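Heads up: the structure comes next, in structure tokens.
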Amino acid sequence: MSHLKSYAQRAKNHANPAAKLLLETMERKRTNLAVSVDVTKSDEFLAIIDRVGPFVCLIKALPLLLKPTRSTHIDIIEDFTESLIQKLQELSIAHDFVIFEDRKFADIGNTVALQYSSGIHKIASWSHITNAHVVPGPSIIAGLSSVGLPLGRGLLLLAEMSTKGSLAFGSYTESAVRMARANRDFVIGFIAQQRMDGVGAQAGDKVLEEDFLILSPGVGLETAGDSMGQQYRTPHQVILESGCDVIIVGRGIYGQIDVANQAKRYMEAGWMAYQQRINQVP
């Protein structure tokens with residue numbers, strides 16, 4: 001029941017620097033809001049981050065690929081330059097938020113190690129946290145860990161998704177959690193819809209005090225879904241009822257006229273749900 005403790009208390013128990021940094025930032029800024037900035041132009045990308053920065057603990061950026069490095073990878077930011085990373089880091093310091101590159105690695109260990117460390121973007125050099133699918137098996141964690149762990153980075157595994165018809169459930173989710181347990185020094189949590197405590201536990205697993213962070217997408221204050229299968233829940237449902245730690249919001253914030261005010265609304269709703277959670281009477 002680690003999620004019933006405060007973020008500050010939990011930060012003290014995490015050895016991974018990225019997990020500790022995120023929890024300490026959440027406590028210090030009194031926010032569990034992450035904004036997913038899913039736009040394709042650098043100026044718009046940076047402008048949104050500057051406006052929501054005071055209200056977030058984390059910025060989730062989509063893969064910043066200028067051109068394909070392998071046949072299956074395409075660009076998101078159409079006018080990428082190396083200065084974009086420097087400006088993102090400057091905003092991270094100015095507004096005190098953690099950077100999460102939503103790379104969703106999904107290849108063999110050697111390949112992801114090169115993708116993570118090298119190329120134009122050198123993701124591991126600036127992104128505190130990244131994520132990966134578990135389809136390739138444990139080798140993907142080994143490959144990413146060989147690069148990220150010495151730098152104090154953290155990895156999230158995709159255990160569940162918020163889209164209708166997702167195949168990430170059951171044995172897939174259990175396998176993801178087992179892989180995380182075997183790599184607690186680098187895997188800090190999951191992209192998921194609920195707590196993963198005890199999921200897929202086997203004989204001998206020490207699960208009573210495990211404290212994986214749960215970052216949950218598909219959060220909305222006004223809508224229940226969209227035309228592309230996304231399903232939304234309120235901050236109250238995500239933080240209080242499901243025990244997740246961070247609400248991830250995208251179009252519900254940056255797609256609005258008053259972006260800063262909308263970010264503040266989500267920040268306040270998420271924090272209120274968190275306060276209710278940790279102040280529950282046993």
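Simple scheme: letters A, B, ... for chains in structure tokens order, numbers from 1 for residues in each chain, numbers from 1 for ligands in the order shown.
Across range 139-220 of chain A, DSSP run on the backbone finds strand (DSSP E or B) at Gly154, Leu155, Leu156, Leu157, Leu158, Thr163, Val187, Ile188, Gly189, Phe190, Ile191, Leu213, Ile214, Leu215, Ser216 and Val219 of chain A.
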Closest atom pairs, residues of range 142-191 of chain A within 12 Å of range 198-216 of chain A, only C-alpha atoms, as JSON lines:
{"residue": "A:Gly154", "atom": "CA", "partner": "A:Leu213", "partner_atom": "CA", "distance": 10.8}
{"residue": "A:Leu155", "atom": "CA", "partner": "A:Leu213", "partner_atom": "CA", "distance": 10.4}
{"residue": "A:Leu156", "atom": "CA", "partner": "A:Leu213", "partner_atom": "CA", "distance": 8.5}
{"residue": "A:Leu157", "atom": "CA", "partner": "A:Ile214", "partner_atom": "CA", "distance": 9.8}
{"residue": "A:Leu158", "atom": "CA", "partner": "A:Leu215", "partner_atom": "CA", "distance": 9.8}
{"residue": "A:Ala159", "atom": "CA", "partner": "A:Ile214", "partner_atom": "CA", "distance": 9.7}
{"residue": "A:Glu160", "atom": "CA", "partner": "A:Ser216", "partner_atom": "CA", "distance": 9.0}
{"residue": "A:Met161", "atom": "CA", "partner": "A:Ser216", "partner_atom": "CA", "distance": 8.5}
{"residue": "A:Ser162", "atom": "CA", "partner": "A:Ser216", "partner_atom": "CA", "distance": 8.1}
{"residue": "A:Thr163", "atom": "CA", "partner": "A:Ser216", "partner_atom": "CA", "distance": 11.8}
{"residue": "A:Phe169", "atom": "CA", "partner": "A:Val199", "partner_atom": "CA", "distance": 11.1}
{"residue": "A:Gly170", "atom": "CA", "partner": "A:Gly200", "partner_atom": "CA", "distance": 9.2}
{"residue": "A:Ser171", "atom": "CA", "partner": "A:Gly200", "partner_atom": "CA", "distance": 8.1}
{"residue": "A:Tyr172", "atom": "CA", "partner": "A:Gly200", "partner_atom": "CA", "distance": 9.8}
{"residue": "A:Thr173", "atom": "CA", "partner": "A:Gly200", "partner_atom": "CA", "distance": 8.0}
{"residue": "A:Glu174", "atom": "CA", "partner": "A:Gly200", "partner_atom": "CA", "distance": 4.5}
{"residue": "A:Ser175", "atom": "CA", "partner": "A:Gly200", "partner_atom": "CA", "distance": 7.0}
{"residue": "A:Ala176", "atom": "CA", "partner": "A:Gly200", "partner_atom": "CA", "distance": 8.7}
{"residue": "A:Val177", "atom": "CA", "partner": "A:Gly200", "partner_atom": "CA", "distance": 6.6}
{"residue": "A:Arg178", "atom": "CA", "partner": "A:Gly200", "partner_atom": "CA", "distance": 6.4}
{"residue": "A:Met179", "atom": "CA", "partner": "A:Gly200", "partner_atom": "CA", "distance": 10.0}
{"residue": "A:Ala180", "atom": "CA", "partner": "A:Phe212", "partner_atom": "CA", "distance": 8.7}
{"residue": "A:Arg181", "atom": "CA", "partner": "A:Asp205", "partner_atom": "CA", "distance": 8.3}
{"residue": "A:Ala182", "atom": "CA", "partner": "A:Asp205", "partner_atom": "CA", "distance": 9.7}
{"residue": "A:Asn183", "atom": "CA", "partner": "A:Phe212", "partner_atom": "CA", "distance": 11.4}
{"residue": "A:Arg184", "atom": "CA", "partner": "A:Phe212", "partner_atom": "CA", "distance": 8.6}
{"residue": "A:Asp185", "atom": "CA", "partner": "A:Phe212", "partner_atom": "CA", "distance": 11.1}
{"residue": "A:Phe186", "atom": "CA", "partner": "A:Phe212", "partner_atom": "CA", "distance": 11.0}
{"residue": "A:Val187", "atom": "CA", "partner": "A:Phe212", "partner_atom": "CA", "distance": 8.2}
{"residue": "A:Ile188", "atom": "CA", "partner": "A:Phe212", "partner_atom": "CA", "distance": 5.6}
{"residue": "A:Gly189", "atom": "CA", "partner": "A:Leu213", "partner_atom": "CA", "distance": 4.3}
{"residue": "A:Phe190", "atom": "CA", "partner": "A:Ile214", "partner_atom": "CA", "distance": 5.1}
{"residue": "A:Ile191", "atom": "CA", "partner": "A:Leu215", "partner_atom": "CA", "distance": 5.0}
Excluding range 92-96 of chain A and any residue of its chain fewer than 2 positions from it, enumerate the residues within 6 Å of it, using only C-alpha atoms, and give them as a PyMOL selection string. chain A and resi 53-54+89-90
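Between CA of Glu24 in chain A and CA of Ala8 in chain A the separation is 6.0 Å.
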List the neighbours of Val98 in chain A out to 12 Å using only C-alpha atoms; skip same-chain residues closer than 4 positions along the sequence, and give me the result as a ChimeraX atom specification. /A:17-26,29,32-35,49,53-54,56-61,88-94,126-130,153-154
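All residues of protein, DNA or RNA that reach within 12 Å of Gly255 in chain A, judged by only C-alpha atoms and not counting those fewer than 2 positions away in the chain, are Val35, Ser36, Val37, Asp38, Val39, Glu44, Ile48, Val249, Gly250, Arg251, Gly252, Ile253, Ile257, Asp258, Val259, Ala260, Gln262 and Ala263 of chain A.
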Deliver the residues from the most recent selection as a file, using all heavy atoms, as a compact mmCIF listing (two decimals), in the first residue's frame.
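After the write, again18.txt holds the following:
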# COMPACT_ATOMS: atom_id res chain seq x y z
N VAL A 35 1.96 16.85 -18.91
CA VAL A 35 1.33 17.27 -20.16
C VAL A 35 2.05 16.61 -21.32
O VAL A 35 3.28 16.69 -21.43
CB VAL A 35 1.32 18.80 -20.31
CG1 VAL A 35 0.82 19.19 -21.71
CG2 VAL A 35 0.42 19.43 -19.25
N SER A 36 1.28 15.97 -22.18
CA SER A 36 1.80 15.34 -23.38
C SER A 36 1.69 16.33 -24.53
O SER A 36 0.58 16.69 -24.94
CB SER A 36 1.00 14.07 -23.69
OG SER A 36 1.47 13.44 -24.85
N VAL A 37 2.83 16.78 -25.04
CA VAL A 37 2.84 17.83 -26.05
C VAL A 37 2.99 17.19 -27.43
O VAL A 37 4.09 16.98 -27.94
CB VAL A 37 3.97 18.84 -25.78
CG1 VAL A 37 3.86 20.03 -26.73
CG2 VAL A 37 3.92 19.32 -24.33
N ASP A 38 1.87 16.87 -28.04
CA ASP A 38 1.83 16.10 -29.28
C ASP A 38 1.65 17.01 -30.49
O ASP A 38 0.62 16.95 -31.18
CB ASP A 38 0.71 15.07 -29.23
CG ASP A 38 0.73 14.24 -27.96
OD1 ASP A 38 1.78 14.14 -27.35
OD2 ASP A 38 -0.34 13.72 -27.58
N VAL A 39 2.62 17.88 -30.73
CA VAL A 39 2.55 18.79 -31.87
C VAL A 39 3.78 18.60 -32.75
O VAL A 39 4.76 17.97 -32.33
CB VAL A 39 2.43 20.26 -31.41
CG1 VAL A 39 1.14 20.47 -30.63
CG2 VAL A 39 3.63 20.66 -30.55
N GLU A 44 5.68 25.89 -31.62
CA GLU A 44 4.46 25.56 -30.89
C GLU A 44 4.77 24.65 -29.71
O GLU A 44 4.23 24.82 -28.61
CB GLU A 44 3.45 24.90 -31.83
CG GLU A 44 2.11 24.61 -31.17
CD GLU A 44 1.14 23.91 -32.10
OE1 GLU A 44 1.54 23.51 -33.21
OE2 GLU A 44 -0.04 23.75 -31.70
N ILE A 48 3.95 25.89 -25.86
CA ILE A 48 3.03 25.17 -24.98
C ILE A 48 3.73 24.80 -23.68
O ILE A 48 3.17 24.99 -22.58
CB ILE A 48 2.50 23.91 -25.69
CG1 ILE A 48 1.57 24.29 -26.84
CG2 ILE A 48 1.77 23.00 -24.69
CD1 ILE A 48 1.19 23.12 -27.73
N VAL A 249 -2.11 14.34 -19.57
CA VAL A 249 -3.15 15.02 -20.34
C VAL A 249 -2.50 15.67 -21.56
O VAL A 249 -1.44 16.28 -21.45
CB VAL A 249 -3.85 16.11 -19.49
CG1 VAL A 249 -5.00 16.73 -20.27
CG2 VAL A 249 -4.35 15.52 -18.17
N GLY A 250 -3.14 15.54 -22.69
CA GLY A 250 -2.62 16.14 -23.92
C GLY A 250 -3.56 17.18 -24.48
O GLY A 250 -3.56 18.33 -24.07
N ARG A 251 -4.41 16.76 -25.44
CA ARG A 251 -5.29 17.70 -26.13
C ARG A 251 -6.24 18.42 -25.19
O ARG A 251 -6.69 19.53 -25.50
CB ARG A 251 -6.08 16.96 -27.21
CG ARG A 251 -5.26 16.54 -28.41
CD ARG A 251 -5.99 15.52 -29.26
NE ARG A 251 -6.11 14.23 -28.60
CZ ARG A 251 -6.83 13.21 -29.06
NH1 ARG A 251 -7.50 13.35 -30.19
NH2 ARG A 251 -6.87 12.07 -28.41
N GLY A 252 -6.56 17.81 -24.06
CA GLY A 252 -7.45 18.44 -23.09
C GLY A 252 -6.87 19.71 -22.52
O GLY A 252 -7.59 20.54 -21.94
N ILE A 253 -5.56 19.90 -22.69
CA ILE A 253 -4.90 21.13 -22.24
C ILE A 253 -4.41 21.95 -23.42
O ILE A 253 -4.83 23.08 -23.62
CB ILE A 253 -3.73 20.81 -21.28
CG1 ILE A 253 -4.29 20.28 -19.94
CG2 ILE A 253 -2.86 22.04 -21.04
CD1 ILE A 253 -3.24 19.87 -18.94
N ILE A 257 -8.19 27.07 -25.71
CA ILE A 257 -7.81 28.46 -25.96
C ILE A 257 -6.90 28.98 -24.86
O ILE A 257 -5.84 29.55 -25.13
CB ILE A 257 -9.07 29.35 -26.09
CG1 ILE A 257 -9.89 28.92 -27.31
CG2 ILE A 257 -8.67 30.81 -26.17
CD1 ILE A 257 -11.20 29.66 -27.46
N ASP A 258 -7.30 28.78 -23.59
CA ASP A 258 -6.50 29.25 -22.46
C ASP A 258 -5.72 28.06 -21.90
O ASP A 258 -6.16 27.39 -20.97
CB ASP A 258 -7.40 29.86 -21.39
CG ASP A 258 -6.62 30.60 -20.31
OD1 ASP A 258 -5.40 30.35 -20.19
OD2 ASP A 258 -7.23 31.41 -19.58
N VAL A 259 -4.58 27.80 -22.49
CA VAL A 259 -3.80 26.62 -22.14
C VAL A 259 -3.35 26.64 -20.67
O VAL A 259 -3.46 25.63 -19.96
CB VAL A 259 -2.57 26.50 -23.07
CG1 VAL A 259 -1.65 25.39 -22.62
CG2 VAL A 259 -3.02 26.26 -24.51
N ALA A 260 -2.85 27.77 -20.21
CA ALA A 260 -2.35 27.86 -18.84
C ALA A 260 -3.46 27.63 -17.81
O ALA A 260 -3.28 26.89 -16.84
CB ALA A 260 -1.69 29.21 -18.61
N GLN A 262 -6.23 26.00 -18.25
CA GLN A 262 -6.67 24.60 -18.32
C GLN A 262 -5.68 23.70 -17.59
O GLN A 262 -6.08 22.76 -16.88
CB GLN A 262 -6.81 24.18 -19.77
CG GLN A 262 -7.51 22.84 -19.97
CD GLN A 262 -9.01 22.91 -19.72
OE1 GLN A 262 -9.53 23.87 -19.15
NE2 GLN A 262 -9.72 21.86 -20.12
N ALA A 263 -4.38 23.98 -17.74
CA ALA A 263 -3.36 23.20 -17.01
C ALA A 263 -3.55 23.36 -15.51
O ALA A 263 -3.42 22.40 -14.74
CB ALA A 263 -1.97 23.65 -17.43
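When CA of Gln256 in chain A is paired with CA of Arg103 in chain A, their separation reads 25.3 Å.
Relative to CA of Ile99 in chain A, CA of Thr40 in chain A is found at 17.6 Å.
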